[in-house]
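One structure below.
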Amino acid sequence: MGDPTEQATFEHMMALEPHGADTYVGVGPRYPWGGLYGGQIVAQALRAAGLTVEPEYLPHSLHAYFIRSGDHTEPIRFEVDRIRNGRSFVTRRVVARQSIGAIFNLAASFHVVEDEADVQAVSLSPDAGSPDDHLSDGWSHVFDRRPVGDMRRSDAGLSRAWLRMVEPVADDPLLRACAISYVSDDLPTDGAIALHPDRKLVREEGDWERTFMNASLDHAIWFHRTVDPAEWHLHELRGHNLTGARGLAIGEVFSQAGVHAATVVQEVLLRRVRSS
């Protein structure tokens, strides 16, 4: 499968190799902080689940737990459990493993599209402007990011950025949901930090690790409408609660045209670094 330390493309990461019944293996690149990126594991697990589902069933939600940090030098084994095949809904469970054991657990549900009412109750904030109004500060070779304001020091407890995949994503609802999943793990931590009373201590890149340690704990996405992730989308995450070193962020993903594509919820571990 090649050297996992290379700058693997999204297409490469989604090209999971079958290893027995309902089992797939994938790899990921080394990220700036070392190890693996949670959004990659979410996307690959959803991809593995989708490979066991008939194409008329589209992903409508996922719920996941990050159990251990992943190692970019090892392949990741995704084991799919076919929980239920129904007429309208299909349910899958996926466990991602490396040599250390289980590193991630996901439950995903797929739904046949039904011709029923389509009502959007939330809207794109006009003050977010357009991507052209903001500067890129992306850290990933897979997607670009343009923050709207200071994501970590917002007095409104709000974290917002325009995001898009760098390379085209095939016109496949499953792959496009995987791409949304990939980028969805980028902002929730900032949404939680926006609630923290010490958030203004993070004044520059070098202060980050000296102020907080953080890790994604669990993650949920509801996919409402299929969009093209290679186009700009506004991710708007609000810090919802912070207690016991756990911060909760809730938010939406909107296309530039204002289409509400997805809802994202994540709880993160957020600890103030104590001087020794």
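Residues are referred to by chain and number: the chain letter is A, B, ... according to the order shown in the structure tokens, the number counts from 1 in that chain, and ligands are numbered separately from 1 in the order shown.
Neighbours of Gly28 (chain A) closer than or equal to 7 Å, with only C-alpha atoms counted and sequence neighbours fewer than 2 positions away skipped, come out as Pro4, Ala8, Met13, Arg30, Leu36 and His72 of chain A.
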Those selected residues, please, written with N, CA, C and O atoms and delivered as a PDB file, in the first residue's frame.
ATOM      1  N   PRO A   4       3.308   4.774   4.313  1.00  0.00           N
ATOM      2  CA  PRO A   4       2.271   5.579   4.953  1.00  0.00           C
ATOM      3  C   PRO A   4       2.763   6.926   5.426  1.00  0.00           C
ATOM      4  O   PRO A   4       1.958   7.773   5.808  1.00  0.00           O
ATOM      5  N   ALA A   8      -0.142  11.250   1.631  1.00  0.00           N
ATOM      6  CA  ALA A   8      -1.228  10.526   0.968  1.00  0.00           C
ATOM      7  C   ALA A   8      -2.372  11.472   0.613  1.00  0.00           C
ATOM      8  O   ALA A   8      -2.760  12.331   1.395  1.00  0.00           O
ATOM      9  N   MET A  13      -6.309   7.652   0.646  1.00  0.00           N
ATOM     10  CA  MET A  13      -6.797   7.232   1.963  1.00  0.00           C
ATOM     11  C   MET A  13      -8.148   6.530   1.882  1.00  0.00           C
ATOM     12  O   MET A  13      -8.475   5.687   2.725  1.00  0.00           O
ATOM     13  N   ARG A  30       1.719  11.198   8.049  1.00  0.00           N
ATOM     14  CA  ARG A  30       2.103  11.798   9.321  1.00  0.00           C
ATOM     15  C   ARG A  30       1.629  13.252   9.297  1.00  0.00           C
ATOM     16  O   ARG A  30       1.850  13.974   8.322  1.00  0.00           O
ATOM     17  N   LEU A  36      -1.850  10.312  13.888  1.00  0.00           N
ATOM     18  CA  LEU A  36      -2.929  10.404  12.912  1.00  0.00           C
ATOM     19  C   LEU A  36      -3.909  11.512  13.282  1.00  0.00           C
ATOM     20  O   LEU A  36      -3.987  11.946  14.430  1.00  0.00           O
ATOM     21  N   HIS A  72       0.882   6.681  12.673  1.00  0.00           N
ATOM     22  CA  HIS A  72       0.921   6.827  11.214  1.00  0.00           C
ATOM     23  C   HIS A  72       1.859   5.825  10.545  1.00  0.00           C
ATOM     24  O   HIS A  72       1.787   5.623   9.331  1.00  0.00           O
TER      25      HIS A  72
END
Write down as an NGL selection string the residues belonging to region 33-275 of chain A that are assigned strand (DSSP E) by DSSP computed on the backbone. :A and (57-66 or 76-85 or 89-98 or 101-112 or 143-147 or 158-165 or 212-223 or 233-243 or 246-255 or 260-272)
Now that the selection is made, can you save its residues with C-alpha atoms as a CSV table (one decimal), in the first residue's frame?
chain,number,residue,atom,x,y,z
A,57,TYR,CA,-28.6,3.8,1.0
A,58,LEU,CA,-26.8,7.1,1.7
A,59,PRO,CA,-25.1,7.9,5.0
A,60,HIS,CA,-27.3,10.1,7.2
A,61,SER,CA,-25.5,10.0,10.6
A,62,LEU,CA,-22.5,8.7,12.4
A,63,HIS,CA,-21.5,8.6,16.1
A,64,ALA,CA,-17.9,7.8,17.0
A,65,TYR,CA,-15.5,7.5,19.9
A,66,PHE,CA,-11.7,8.1,19.8
A,76,ILE,CA,-5.2,0.7,10.2
A,77,ARG,CA,-7.6,-2.3,10.2
A,78,PHE,CA,-11.3,-1.5,9.9
A,79,GLU,CA,-13.6,-4.3,11.0
A,80,VAL,CA,-17.3,-3.8,10.0
A,81,ASP,CA,-20.2,-5.4,11.8
A,82,ARG,CA,-23.5,-5.6,9.8
A,83,ILE,CA,-25.8,-4.7,12.6
A,84,ARG,CA,-29.0,-4.5,10.5
A,85,ASN,CA,-30.2,-4.4,7.0
A,89,PHE,CA,-32.3,2.0,7.0
A,90,VAL,CA,-29.1,0.1,7.3
A,91,THR,CA,-26.9,0.1,10.4
A,92,ARG,CA,-23.2,-0.6,10.7
A,93,ARG,CA,-20.6,-0.7,13.4
A,94,VAL,CA,-16.9,-0.2,12.7
A,95,VAL,CA,-13.9,-0.8,15.0
A,96,ALA,CA,-10.5,0.5,13.9
A,97,ARG,CA,-7.5,-1.4,15.2
A,98,GLN,CA,-3.7,-1.2,15.2
A,101,GLY,CA,-5.6,-2.6,20.0
A,102,ALA,CA,-8.8,-0.7,19.2
A,103,ILE,CA,-8.2,3.0,18.5
A,104,PHE,CA,-11.6,4.0,17.3
A,105,ASN,CA,-15.2,2.9,17.3
A,106,LEU,CA,-18.0,4.1,14.9
A,107,ALA,CA,-21.7,3.5,14.4
A,108,ALA,CA,-23.2,4.7,11.1
A,109,SER,CA,-26.7,4.7,9.7
A,110,PHE,CA,-27.7,4.8,6.0
A,111,HIS,CA,-31.1,5.7,4.6
A,112,VAL,CA,-32.9,5.4,1.3
A,143,PHE,CA,-7.9,20.6,2.7
A,144,ASP,CA,-7.6,24.4,2.8
A,145,ARG,CA,-8.9,26.6,5.7
A,146,ARG,CA,-9.7,30.3,5.9
A,147,PRO,CA,-10.6,31.4,9.4
A,158,LEU,CA,-17.7,30.9,18.3
A,159,SER,CA,-15.3,29.3,15.9
A,160,ARG,CA,-15.8,29.7,12.2
A,161,ALA,CA,-13.8,29.0,9.1
A,162,TRP,CA,-14.3,28.4,5.4
A,163,LEU,CA,-12.9,24.9,4.4
A,164,ARG,CA,-12.6,23.0,1.1
A,165,MET,CA,-10.9,19.9,-0.1
A,212,PHE,CA,-3.6,23.6,26.6
A,213,MET,CA,-3.5,19.9,25.9
A,214,ASN,CA,-6.4,18.6,23.9
A,215,ALA,CA,-7.8,15.4,22.3
A,216,SER,CA,-11.0,14.6,20.5
A,217,LEU,CA,-13.2,12.3,22.6
A,218,ASP,CA,-16.3,11.6,20.6
A,219,HIS,CA,-17.8,12.9,17.4
A,220,ALA,CA,-21.2,12.9,15.7
A,221,ILE,CA,-22.4,14.1,12.2
A,222,TRP,CA,-25.8,14.3,10.7
A,223,PHE,CA,-25.7,14.6,6.9
A,233,HIS,CA,-18.1,25.6,3.0
A,234,LEU,CA,-18.5,27.5,6.2
A,235,HIS,CA,-18.0,25.4,9.3
A,236,GLU,CA,-19.5,27.3,12.3
A,237,LEU,CA,-19.0,25.7,15.7
A,238,ARG,CA,-20.2,27.1,19.0
A,239,GLY,CA,-18.8,26.2,22.3
A,240,HIS,CA,-21.8,24.7,24.1
A,241,ASN,CA,-20.4,23.6,27.5
A,242,LEU,CA,-17.1,23.3,29.4
A,243,THR,CA,-16.8,21.3,32.6
A,246,ARG,CA,-14.5,18.3,28.6
A,247,GLY,CA,-15.7,20.8,26.2
A,248,LEU,CA,-18.7,20.4,23.9
A,249,ALA,CA,-19.0,22.1,20.5
A,250,ILE,CA,-22.1,22.1,18.3
A,251,GLY,CA,-22.4,23.6,14.8
A,252,GLU,CA,-23.3,23.5,11.2
A,253,VAL,CA,-21.7,23.2,7.7
A,254,PHE,CA,-23.1,25.5,5.0
A,255,SER,CA,-22.3,25.8,1.3
A,260,HIS,CA,-27.3,23.5,5.3
A,261,ALA,CA,-25.2,20.4,4.5
A,262,ALA,CA,-24.5,18.9,7.9
A,263,THR,CA,-24.6,19.3,11.6
A,264,VAL,CA,-21.5,18.4,13.7
A,265,VAL,CA,-21.2,17.8,17.4
A,266,GLN,CA,-18.0,16.9,19.2
A,267,GLU,CA,-16.8,16.6,22.8
A,268,VAL,CA,-13.1,17.3,23.4
A,269,LEU,CA,-10.7,16.8,26.3
A,270,LEU,CA,-9.3,20.2,27.1
A,271,ARG,CA,-6.8,20.5,30.0
A,272,ARG,CA,-4.8,23.6,31.1
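Comparing the minimum interatomic distances between Tyr37 (chain A) and each of A:Val142, A:Ala21, A:Leu195, A:Ala128, counting only C-alpha atoms, we find that A:Val142 sits nearest.
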Which residues in region 131-264 of chain A does DSSP call helix (DSSP H, G or I)? List them as JSON, numbers by chain. {"A": [131, 132, 133, 173, 174, 175, 176, 177, 178, 179, 180, 181, 182, 183, 184, 188, 189, 190, 191, 192, 193, 199, 200, 201, 205, 206, 207, 208, 209, 210, 211]}
Find the spatial neighbours of Gly35 (chain A), counting only C-alpha atoms, within a cut-off of 9 Å - ignore same-chain residues fewer than 3 positions away - and output them as number ranges by chain. A: 29-32, 69-73
Using all heavy atoms, can you export the residues from the last selection as a short mmCIF file (atom, residue, chain, number, x, y, z; two decimals), in the first residue's frame?
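Contents of part.cif, freshly written:
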data_model
loop_
_atom_site.label_atom_id
_atom_site.label_comp_id
_atom_site.auth_asym_id
_atom_site.auth_seq_id
_atom_site.Cartn_x
_atom_site.Cartn_y
_atom_site.Cartn_z
N PRO A 29 -1.13 9.68 6.34
CA PRO A 29 0.17 10.36 6.42
C PRO A 29 0.50 10.76 7.84
O PRO A 29 -0.34 10.69 8.74
CB PRO A 29 -0.05 11.60 5.54
CG PRO A 29 -1.50 11.92 5.75
CD PRO A 29 -2.20 10.58 5.87
N ARG A 30 1.72 11.20 8.05
CA ARG A 30 2.10 11.80 9.32
C ARG A 30 1.63 13.25 9.30
O ARG A 30 1.85 13.97 8.32
CB ARG A 30 3.62 11.76 9.51
CG ARG A 30 4.10 12.44 10.79
CD ARG A 30 5.61 12.41 10.90
NE ARG A 30 6.08 13.20 12.02
CZ ARG A 30 6.19 12.74 13.26
NH1 ARG A 30 5.85 11.49 13.53
NH2 ARG A 30 6.63 13.52 14.23
N TYR A 31 0.99 13.67 10.36
CA TYR A 31 0.48 15.04 10.44
C TYR A 31 1.46 15.90 11.25
O TYR A 31 2.37 15.37 11.90
CB TYR A 31 -0.91 15.03 11.06
CG TYR A 31 -1.92 14.37 10.14
CD1 TYR A 31 -2.19 13.01 10.24
CD2 TYR A 31 -2.55 15.09 9.13
CE1 TYR A 31 -3.08 12.39 9.37
CE2 TYR A 31 -3.44 14.49 8.26
CZ TYR A 31 -3.71 13.13 8.39
OH TYR A 31 -4.58 12.53 7.53
N PRO A 32 1.30 17.21 11.21
CA PRO A 32 2.30 18.10 11.83
C PRO A 32 2.59 17.79 13.30
O PRO A 32 3.71 17.99 13.77
CB PRO A 32 1.67 19.50 11.68
CG PRO A 32 0.83 19.39 10.45
CD PRO A 32 0.28 17.99 10.48
N SER A 69 -4.70 7.19 20.56
CA SER A 69 -4.03 7.87 19.45
C SER A 69 -3.56 6.85 18.42
O SER A 69 -3.09 5.77 18.79
CB SER A 69 -2.83 8.67 19.96
OG SER A 69 -3.24 9.69 20.84
N GLY A 70 -3.69 7.21 17.15
CA GLY A 70 -3.24 6.32 16.08
C GLY A 70 -1.77 6.54 15.74
O GLY A 70 -1.20 7.61 16.01
N ASP A 71 -1.17 5.54 15.14
CA ASP A 71 0.24 5.57 14.75
C ASP A 71 0.32 5.61 13.22
O ASP A 71 -0.11 4.67 12.54
CB ASP A 71 0.95 4.32 15.29
CG ASP A 71 2.44 4.32 15.01
OD1 ASP A 71 2.90 5.12 14.18
OD2 ASP A 71 3.14 3.49 15.63
N HIS A 72 0.88 6.68 12.67
CA HIS A 72 0.92 6.83 11.21
C HIS A 72 1.86 5.83 10.55
O HIS A 72 1.79 5.62 9.33
CB HIS A 72 1.35 8.24 10.84
CG HIS A 72 2.82 8.50 11.00
ND1 HIS A 72 3.39 8.73 12.23
CD2 HIS A 72 3.84 8.52 10.09
CE1 HIS A 72 4.69 8.90 12.07
NE2 HIS A 72 4.99 8.78 10.79
N THR A 73 2.74 5.19 11.31
CA THR A 73 3.67 4.23 10.72
C THR A 73 3.05 2.85 10.54
O THR A 73 3.67 1.97 9.94
CB THR A 73 4.94 4.09 11.58
OG1 THR A 73 4.60 3.48 12.84
CG2 THR A 73 5.59 5.44 11.83
#
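CA of Asp171 (chain A) is found 21.5 Å from CA of Gly26 (chain A).
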For Gly39 (chain A), which residue among A:Asp185, A:Glu74, A:Asp228, A:Asp172 is the nearest when counting only C-alpha atoms?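 That would be A:Asp185, the residue with the smallest distance to Gly39 (chain A).
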Counting only C-alpha atoms, which of A:Gly191, A:Pro18, A:Pro126, A:Gly138 gets nearest to Thr52 (chain A)?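 Distance minimum relative to Thr52 (chain A) lands on A:Pro18.
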For Tyr182 (chain A), which of A:Thr23, A:Ser99, A:Ser140, A:Ser88 is the closest residue, counting only C-alpha atoms? A:Ser140
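Restricting the calculation to only C-alpha atoms, the smallest distance between Pro173 (chain A) and any of A:Asp132, A:Glu56, A:Glu11, A:Glu17 is found for A:Glu56.
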